[in-house]
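These notes concern the structure reproduced below.
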Amino acid sequence: MNAPAAAPATTAVAVAQSLAVRCVEFEGGPDDAALALRTLTSALTVSSGPAHPRPVSEAAPGHASVALPLGGTAMVSVTPAAPGRWAATVTVTDPGSASDEDVDALLAVVDRLPLTGREVDQIRRDLPITGAVAALAGPGALEGLAVVAAIHHMRDFAGLLHALIECGADPAQMTIIDKGYPYRMRERVDGWLECQGVALVDYPQRALGIAAHLDRAKAAGMRTLVMDDGGYVLPVVLDRFPERPGEIVGVVEQTTSGIWRLADHHPLPVPVFSVAESQLKSAVEAPHVAAAALSSVMAHLPDETWAGRPALVIGYGRLGRQTAAQLRDTHRMRVAVHDLSAAALVTAHQDGHRVGRDLGALIAEHRPLLVMGCAGHGSLLAEHAAAFQASAYLASVTSRDHEFPLTGWARSARRVVDHEPVGHTYVMDDDVELCVLGDGLPVNFHHRESLPTRVIDLVFAALLLGGLTLAEPGQGGHGPGVNVPLVDQILGASPALATYLDLYAEEPSSLSAGSGAGGVRRLVTAAPDGLPDHTRSAWTYGRRPR
Ligand SMILES: NC(=O)c1ccc[n+]([C@@H]2O[C@H](COP(=O)([O-])OP(=O)(O)OC[C@H]3O[C@@H](n4cnc5c(N)ncnc54)[C@H](O)[C@@H]3O)[C@@H](O)[C@H]2O)c1
């Protein structure tokens, strides 16, 4: 690999003077690097419009100087950072008449650098079950359907979208709702989505976006398939456009809150394929979500000490039970549990946790340092603030900011302190601090990627199978409404589970046969083509081998 070209001296000077610089690292080959340079330079100049073309000059290999729309210049560079990794940097060397906000908008083009081909290939390699389902279905399976998807904008979504396209869904007829959570890679995923030609809609504008989607699909003579994660689409259609559910072939719902949101709308006029309540999802997801949420808490508070200290879990369902177990067994905390359901409390008690039916009394007596909201319906009320005798961190593991009464606490707090990116704290009159991590949004998504790609694979495969089923002429026998036993039957009979076992179970029979995916264990670090061969010299203290 060539040595990185030296950046022009002016770059460093401008950095020191204005700090108007932003950088992102990405994976790829030289072609991806060249494309990144072109993408960034054109994104910086695009607003100058065709009537005022601005010169872009190659300053040195991997660097370009860009004349900005409002006067001034920027330097773009894409230079090697490590084998197969590149650093893309934009430095506004002269802002011209741009305001600080304009400069920030210019720098944001780096955040939105689309995922590279190599990165998407790697994501797809880590979703082999989803890929196998798509390959089996073939390119005609979703042809003629306009897809609306409200799936989390993490890197793995690129793999699911690819699978939908492979099954015949046309990106030009797709609408993607961006939930707005601050996922670690959200901007780059959105940049990639834009390149696919889909319509991107922000969460607050979702009703307008859904109406525009239905209009577009109708004009093209297509019906709509919804891939939802939290009831973002069908409840809106039923409330706002009650004459239009007939334009929807069906809904695949990934999460429990999406099913809850439909509770007021029964009988449902369209099939809702509930992956959320399926045995497959219960078997796979909850331990990983709990682990991702707790790892996010610990990562955002690296200097806190947890072992031996009190934690409270509110809501002892699928997620709450796993969260409580990991708090005790992995983080060695003393766990108390509250749930509205007596059966859930008995289960928690049998699991060895302290339980309490009166949440206020439990908070006052247990004095939790950490509260994990796992109820999904709003676990704490504004008046519970008074029960806290000692300061506490609070983290949601569920959906949006529904878990804690943020508005009520903001009203009664003496001060509200911003701890971005950790969250914010309500300082109450008695000096008790309630620090809400991730601003009350689910912590496993807070500047994180949540679940490992290979873990979400089975869930994505189930979503895809749901979409494929609802796209069939007879919809696999799934009539309007929710039919969990049928969903379990369809998923249980699908090749997805066998593919999972082939890949990961490493059963003696498949290993001794030496064939099939089970015989070849693939690491996530597998080198793609084009990476330089590593030197064989040993690692020595204080120096990486080159
Ligand atoms: N963050 C994520 O990645 C993620 C992943 C999966 C599910 N979810 C969401 O998490 C939520 C919970 O999912 P689940 O599968 O554990 O649900 P679940 O139905 O298995 O468990 C919820 C539990 O909370 C209890 N509960 C409800 N309201 C309560 C309240 N006000 N006070 C105390 N207890 C209450 C219920 O009795 C039940 O035991 C849902 O909103 C789901 O959509 C989030």
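Identifiers in the structure tokens: chain A, B, ... in order shown; residue index from 1 per chain; ligand index from 1 in order shown.
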### Query
How would you write, as number ranges by chain, the set of residues no farther than 7 Å from ligand 1 when counting only C-alpha atoms and all ligand atoms?
A: 230, 255-258, 286, 289, 314-320, 338-341, 344, 374-380, 397-399, 442, 444
### Selection near A:Val337, 8 Å with only C-alpha atoms, sequence-local residues under 6 positions removed, as a PyMOL selection string
chain A and resi 312-316+324+345+348+353-356
Please, could you write that set of residues out with all heavy atoms as a short mmCIF file (atom, residue, chain, number, x, y, z; two decimals), in the first residue's frame?
```cif
data_model
loop_
_atom_site.label_atom_id
_atom_site.label_comp_id
_atom_site.auth_asym_id
_atom_site.auth_seq_id
_atom_site.Cartn_x
_atom_site.Cartn_y
_atom_site.Cartn_z
N LEU A 312 -32.49 -1.92 40.24
CA LEU A 312 -33.93 -2.18 40.19
C LEU A 312 -34.32 -2.42 38.74
O LEU A 312 -33.94 -1.64 37.85
CB LEU A 312 -34.68 -0.96 40.74
CG LEU A 312 -36.20 -0.96 40.57
CD1 LEU A 312 -36.85 -2.10 41.34
CD2 LEU A 312 -36.78 0.39 41.05
N VAL A 313 -35.05 -3.51 38.50
CA VAL A 313 -35.58 -3.79 37.17
C VAL A 313 -37.09 -3.64 37.23
O VAL A 313 -37.75 -4.26 38.06
CB VAL A 313 -35.20 -5.22 36.71
CG1 VAL A 313 -35.89 -5.58 35.41
CG2 VAL A 313 -33.68 -5.35 36.57
N ILE A 314 -37.63 -2.79 36.35
CA ILE A 314 -39.08 -2.59 36.33
C ILE A 314 -39.62 -3.23 35.06
O ILE A 314 -39.22 -2.86 33.94
CB ILE A 314 -39.44 -1.09 36.37
CG1 ILE A 314 -38.72 -0.40 37.53
CG2 ILE A 314 -40.96 -0.92 36.48
CD1 ILE A 314 -38.96 1.08 37.62
N GLY A 315 -40.51 -4.21 35.22
CA GLY A 315 -41.01 -4.98 34.07
C GLY A 315 -40.22 -6.28 33.98
O GLY A 315 -39.03 -6.24 33.66
N TYR A 316 -40.85 -7.41 34.34
CA TYR A 316 -40.13 -8.69 34.36
C TYR A 316 -40.67 -9.61 33.28
O TYR A 316 -41.11 -10.72 33.52
CB TYR A 316 -40.27 -9.32 35.76
CG TYR A 316 -39.17 -10.31 36.09
CD1 TYR A 316 -37.86 -9.88 36.30
CD2 TYR A 316 -39.45 -11.66 36.20
CE1 TYR A 316 -36.87 -10.79 36.62
CE2 TYR A 316 -38.44 -12.58 36.53
CZ TYR A 316 -37.16 -12.12 36.73
OH TYR A 316 -36.16 -13.01 37.05
N ALA A 324 -32.31 -8.63 34.60
CA ALA A 324 -32.10 -8.88 36.03
C ALA A 324 -31.04 -9.97 36.22
O ALA A 324 -30.15 -9.85 37.08
CB ALA A 324 -33.42 -9.29 36.68
N LEU A 345 -43.98 -11.32 39.31
CA LEU A 345 -43.25 -11.12 40.58
C LEU A 345 -42.91 -12.46 41.24
O LEU A 345 -41.83 -12.61 41.82
CB LEU A 345 -44.08 -10.26 41.53
CG LEU A 345 -44.12 -8.76 41.18
CD1 LEU A 345 -44.84 -7.99 42.27
CD2 LEU A 345 -42.71 -8.20 41.00
N ALA A 348 -39.98 -13.77 39.42
CA ALA A 348 -38.75 -13.06 39.83
C ALA A 348 -38.29 -13.53 41.20
O ALA A 348 -37.08 -13.70 41.45
CB ALA A 348 -39.02 -11.56 39.84
N HIS A 353 -34.67 -12.99 43.19
CA HIS A 353 -34.56 -11.54 43.32
C HIS A 353 -35.49 -11.03 44.43
O HIS A 353 -36.54 -11.62 44.71
CB HIS A 353 -34.95 -10.86 42.00
CG HIS A 353 -34.12 -11.30 40.83
ND1 HIS A 353 -32.76 -11.14 40.80
CD2 HIS A 353 -34.47 -11.88 39.66
CE1 HIS A 353 -32.30 -11.62 39.64
NE2 HIS A 353 -33.31 -12.08 38.94
N ARG A 354 -35.13 -9.90 45.00
CA ARG A 354 -36.04 -9.19 45.89
C ARG A 354 -37.17 -8.62 45.03
O ARG A 354 -36.92 -8.14 43.92
CB ARG A 354 -35.28 -8.05 46.56
CG ARG A 354 -36.14 -7.16 47.42
CD ARG A 354 -35.31 -6.05 48.05
NE ARG A 354 -36.11 -5.32 49.01
CZ ARG A 354 -35.62 -4.40 49.84
NH1 ARG A 354 -34.34 -4.10 49.80
NH2 ARG A 354 -36.40 -3.80 50.71
N VAL A 355 -38.41 -8.68 45.49
CA VAL A 355 -39.52 -8.14 44.69
C VAL A 355 -40.35 -7.19 45.53
O VAL A 355 -40.31 -7.23 46.77
CB VAL A 355 -40.44 -9.25 44.12
CG1 VAL A 355 -39.68 -10.17 43.18
CG2 VAL A 355 -41.11 -10.05 45.23
N GLY A 356 -41.11 -6.33 44.86
CA GLY A 356 -41.98 -5.40 45.57
C GLY A 356 -43.18 -5.05 44.72
O GLY A 356 -43.02 -4.73 43.53
#
```
Taking a cut-off of 9 Å and counting only C-alpha atoms, can you build a table that, for each residue of stretch 437-534 of chain A near stretch 400-420 of chain A, reports the nearest atom pair and how far apart they are in Å (one decimal), sorted by chain then residue number, as a Markdown table?
```
| residue | atom | partner | partner_atom | distance |
| --- | --- | --- | --- | --- |
| A:Leu437 | CA | A:His419 | CA | 8.9 |
| A:Gly438 | CA | A:Glu420 | CA | 8.4 |
| A:Asp439 | CA | A:Asp401 | CA | 7.6 |
| A:Gly440 | CA | A:Asp401 | CA | 4.9 |
| A:Leu441 | CA | A:Asp401 | CA | 4.7 |
| A:Pro442 | CA | A:Arg400 | CA | 6.5 |
```
Convert the current residue selection to file output with N, CA, C and O atoms, as an mmCIF file, in the first residue's frame.
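See selection-v2.cif below for the written result:
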```cif
data_model
loop_
_atom_site.group_PDB
_atom_site.id
_atom_site.type_symbol
_atom_site.label_atom_id
_atom_site.label_comp_id
_atom_site.auth_asym_id
_atom_site.auth_seq_id
_atom_site.Cartn_x
_atom_site.Cartn_y
_atom_site.Cartn_z
ATOM 1 N N LEU A 437 -29.975 8.070 31.328
ATOM 2 C CA LEU A 437 -28.991 7.743 30.292
ATOM 3 C C LEU A 437 -29.663 7.745 28.909
ATOM 4 O O LEU A 437 -30.829 7.356 28.775
ATOM 5 N N GLY A 438 -28.912 8.191 27.917
ATOM 6 C CA GLY A 438 -29.438 8.190 26.548
ATOM 7 C C GLY A 438 -30.703 9.023 26.411
ATOM 8 O O GLY A 438 -31.520 8.760 25.522
ATOM 9 N N ASP A 439 -30.874 10.010 27.288
ATOM 10 C CA ASP A 439 -32.059 10.889 27.250
ATOM 11 C C ASP A 439 -33.352 10.102 27.256
ATOM 12 O O ASP A 439 -34.373 10.558 26.726
ATOM 13 N N GLY A 440 -33.337 8.907 27.835
ATOM 14 C CA GLY A 440 -34.564 8.120 27.984
ATOM 15 C C GLY A 440 -34.858 7.214 26.802
ATOM 16 O O GLY A 440 -35.783 6.397 26.858
ATOM 17 N N LEU A 441 -34.090 7.337 25.711
ATOM 18 C CA LEU A 441 -34.263 6.404 24.574
ATOM 19 C C LEU A 441 -33.584 5.081 24.955
ATOM 20 O O LEU A 441 -32.726 5.059 25.842
ATOM 21 N N PRO A 442 -33.952 3.972 24.289
ATOM 22 C CA PRO A 442 -33.338 2.686 24.655
ATOM 23 C C PRO A 442 -31.807 2.759 24.567
ATOM 24 O O PRO A 442 -31.269 3.129 23.519
#
```
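For the pair atom CA of A:Trp260 and atom CA of A:His447, the separation is 26.6 Å.
You will find atom CA of A:Asp488 at 5.7 Å from atom CA of A:Ser278.
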